[in-house]
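Inspection log for the structure reproduced underneath, given as structure tokens.
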Amino acid sequence: MIRSALAGLVGYASRYVPRPADQSWKRTNFEGKTVSLGGGVSVAGGAVLVSLVTSGRVGAAGVIAGTSGAVAGYLDDHRESVFESGKGLKGHLSQLREGHLTTGVLKIGIIGAGAGASAAVLGSKSIPDWVVRSVAIAGTANLINLLDLRPGRALKATLAGTVLVAPGNRALPLLAGVAGAAAGALEEDLAGEAMLGDLGANAIGAVLGVAAASHPSRLVRLGVATGAVGLILASEKVSFSRVIDENPVLSAVDRWGR
């Protein structure tokens, strides 16, 4: 309990991580307002930091996955002009078939490699188990990123995710740290003063995925992996924003705090 409380405080304190302030870190949000991607630096830093202070295999896996997510997200945020463009999983894979490299393809490779290494560190006992854990980590990283379309949405989903996979989970300190980092960034994100960008969303999503992949229950791990993949595939056909806006409960939760 004490370890979890300390990890939560470390995660929350990541809101004070120094951020870059130059123009290359400015973006226009969905309302046309200029917002800093610095929030992503704080959240990614917090995700990796809480992994560093988490002991054992879980902490090591969190460092690998969080760092991989941050690197992949940075490339997508800042180096997209260097590579070919693509939209959605289908678009990026189509570009790859034509011999073009997109930042999306790089993200799949970097996050996938990090997820695979993290799953191995967690002590997967068979190839199927390793695959499920890897997919849970990579899928969660991508899913949180896909939800980062409105202020606070990705962070609320992250907080909900920590609650869903907490029962029976031995990775409670890591979950507490992730929740702390998300809570610390929420106010600024909701106010439209900062945004996660791919860097922050992929990093905290990957570490949340490690916590989920650490769950002792195979059914929970499989549920997270299949759920993440199912939602990612659904996003190719359905707009999450439209679904949320059309559902009164989801819409109310989504708009809370803005």
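Naming scheme: A, B, ... for chains in displayed order of the structure tokens; residues 1 onward per chain; ligands 1 onward as shown.
Close contacts of Ser4 of chain A, defined as residues with an atom at most 9 Å away when counting only C-alpha atoms, with chain neighbours fewer than 2 positions off set aside, comprise Met1, Ile2, Leu6, Ala7, Gly8, Leu9, Leu172, Pro173, Leu174, Leu175, Ala176 and Gly177 of chain A.
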What's around segment 143-147 of chain A at 6 Å? Count only C-alpha atoms, leave out sequence neighbours fewer than 5 positions away in its own chain, and write the answer as a VMD selection string. chain A and resid 154 201 to 202 205
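The shell of residues at most 9 Å from segment 163-165 of chain A, with only C-alpha atoms counted and near chain neighbours (fewer than 4 positions) removed, consists of Thr158, Leu159, Asn169, Leu175, Ala179, Ala211, Ala212, His215, Val220 and Val224 of chain A.
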Which is closest to Trp130 of chain A among A:Ala191, A:Ala13, A:Ser214, A:Val243, if we use only C-alpha atoms? A:Ser214
Give me the residues within 6 Å of segment 106-120 of chain A as an mmCIF file with N, CA and C atoms, in the first residue's frame, counting only C-alpha atoms and dropping any in the same chain fewer than 5 places off.
data_model
loop_
_atom_site.group_PDB
_atom_site.id
_atom_site.type_symbol
_atom_site.label_atom_id
_atom_site.label_comp_id
_atom_site.auth_asym_id
_atom_site.auth_seq_id
_atom_site.Cartn_x
_atom_site.Cartn_y
_atom_site.Cartn_z
ATOM 1 N N ALA A 61 9.968 -3.946 -17.401
ATOM 2 C CA ALA A 61 9.118 -4.007 -18.589
ATOM 3 C C ALA A 61 8.476 -2.653 -18.871
ATOM 4 N N ILE A 64 10.980 -0.310 -20.594
ATOM 5 C CA ILE A 64 11.160 -0.651 -22.013
ATOM 6 C C ILE A 64 9.966 -0.201 -22.839
ATOM 7 N N ALA A 65 8.770 -0.550 -22.390
ATOM 8 C CA ALA A 65 7.567 -0.218 -23.156
ATOM 9 C C ALA A 65 7.326 1.282 -23.188
ATOM 10 N N SER A 68 9.886 2.970 -25.486
ATOM 11 C CA SER A 68 9.567 2.659 -26.886
ATOM 12 C C SER A 68 8.380 3.486 -27.369
ATOM 13 N N GLY A 69 7.350 3.577 -26.519
ATOM 14 C CA GLY A 69 6.181 4.374 -26.879
ATOM 15 C C GLY A 69 6.516 5.839 -27.048
ATOM 16 N N ALA A 72 8.588 6.304 -30.354
ATOM 17 C CA ALA A 72 7.706 6.175 -31.518
ATOM 18 C C ALA A 72 6.783 7.392 -31.635
ATOM 19 N N TRP A 130 3.296 -15.170 -24.538
ATOM 20 C CA TRP A 130 4.108 -14.016 -24.941
ATOM 21 C C TRP A 130 3.367 -13.162 -25.968
ATOM 22 N N ARG A 133 0.520 -11.179 -24.178
ATOM 23 C CA ARG A 133 1.058 -10.063 -23.388
ATOM 24 C C ARG A 133 1.579 -8.954 -24.307
ATOM 25 N N SER A 134 2.256 -9.327 -25.382
ATOM 26 C CA SER A 134 2.782 -8.333 -26.321
ATOM 27 C C SER A 134 1.655 -7.526 -26.953
ATOM 28 N N ILE A 137 0.124 -5.031 -24.520
ATOM 29 C CA ILE A 137 0.949 -3.826 -24.321
ATOM 30 C C ILE A 137 0.879 -2.901 -25.530
ATOM 31 N N ALA A 138 1.144 -3.449 -26.714
ATOM 32 C CA ALA A 138 1.136 -2.632 -27.933
ATOM 33 C C ALA A 138 -0.261 -2.114 -28.249
#
As a list in words, please: the residues near Val210 of chain A (cut-off 6 Å, only C-alpha atoms, same-chain neighbours under 3 positions excluded). Gly62, Ile137, Val207 and Ala213 of chain A
Can I get the selection written as a PDB file, in the first residue's frame, with C-alpha atoms?
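In the end it all went to result.pdb:
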ATOM      1  CA  GLY A  62       7.490  -0.635 -17.975  1.00  0.00           C
ATOM      2  CA  ILE A 137       0.949  -3.826 -24.321  1.00  0.00           C
ATOM      3  CA  VAL A 207       2.987   1.378 -19.455  1.00  0.00           C
ATOM      4  CA  ALA A 213      -0.094  -7.744 -19.165  1.00  0.00           C
TER       5      ALA A 213
END
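Between atom CA of Arg27 of chain A and atom CA of Leu49 of chain A the separation is 25.7 Å.
Each of A:Gly11, A:Gly168, A:Gly152, A:Gly192 was checked against Ser36 of chain A using only C-alpha atoms; the smallest atom-to-atom distance is that of A:Gly192.
Near Thr67 of chain A, within a cut-off of 9 Å and counting only C-alpha atoms, sit the residues Ala44, Gly45, Ala47, Val48, Gly114, Ala203 and Ala206 of chain A, with same-chain residues fewer than 6 positions away left out.
For the set A:Arg3, A:Lys33, A:Arg218, A:Arg255, the residue with the smallest atom-to-atom gap to Arg150 of chain A is A:Arg255, counting only C-alpha atoms.
Interatomic distance, atom CA of Leu233 of chain A against atom CA of Ala136 of chain A: 14.3 Å.
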Residue neighbourhood Trp25 of chain A, 9 Å, only C-alpha atoms, exclusion window fewer than 3 positions, as a PDB file with C-alpha atoms, in the first residue's frame:
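For reference, result08.pdb as written:
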ATOM      1  CA  PRO A  20      10.376  22.331 -24.327  1.00  0.00           C
ATOM      2  CA  ALA A  21       8.721  25.614 -25.241  1.00  0.00           C
ATOM      3  CA  ASP A  22       9.904  26.305 -28.792  1.00  0.00           C
ATOM      4  CA  VAL A  35      -1.681  24.133 -27.774  1.00  0.00           C
ATOM      5  CA  SER A  36       1.661  22.873 -26.486  1.00  0.00           C
ATOM      6  CA  LEU A  37       2.710  19.234 -26.837  1.00  0.00           C
ATOM      7  CA  GLY A  38       4.655  19.741 -23.610  1.00  0.00           C
ATOM      8  CA  ASP A  77       4.827  14.181 -33.643  1.00  0.00           C
ATOM      9  CA  HIS A  78       7.994  15.719 -35.071  1.00  0.00           C
TER      10      HIS A  78
END
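Comparing A:Ala194, A:Ala166, A:Ala225, A:Ala5 by their smallest distance to Thr54 of chain A, the closest is A:Ala5 (using only C-alpha atoms).
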When DSSP is applied to the backbone of this structure, which of segment 8-255 of chain A are assigned strand (DSSP E or B)? Write them out as an MDAnalysis selection string. chainID A and resid 26:28 34:36 84 102 194
When distances are computed from only C-alpha atoms, which of A:Leu186, A:Asp76, A:Val178, A:Pro151 shows the smallest separation from Ile204 of chain A? A:Val178
Check the smallest atom-to-atom distance from each of A:Ser126, A:Asn29, A:Gln23, A:Ser42 to Val10 of chain A using only C-alpha atoms, then report the winner. A:Ser42
If you run DSSP on the backbone here, which positions in segment 6-58 of chain A get alpha helix (DSSP H)? Please write them as a PyMOL selection string. chain A and resi 6-13+38-52+56-58
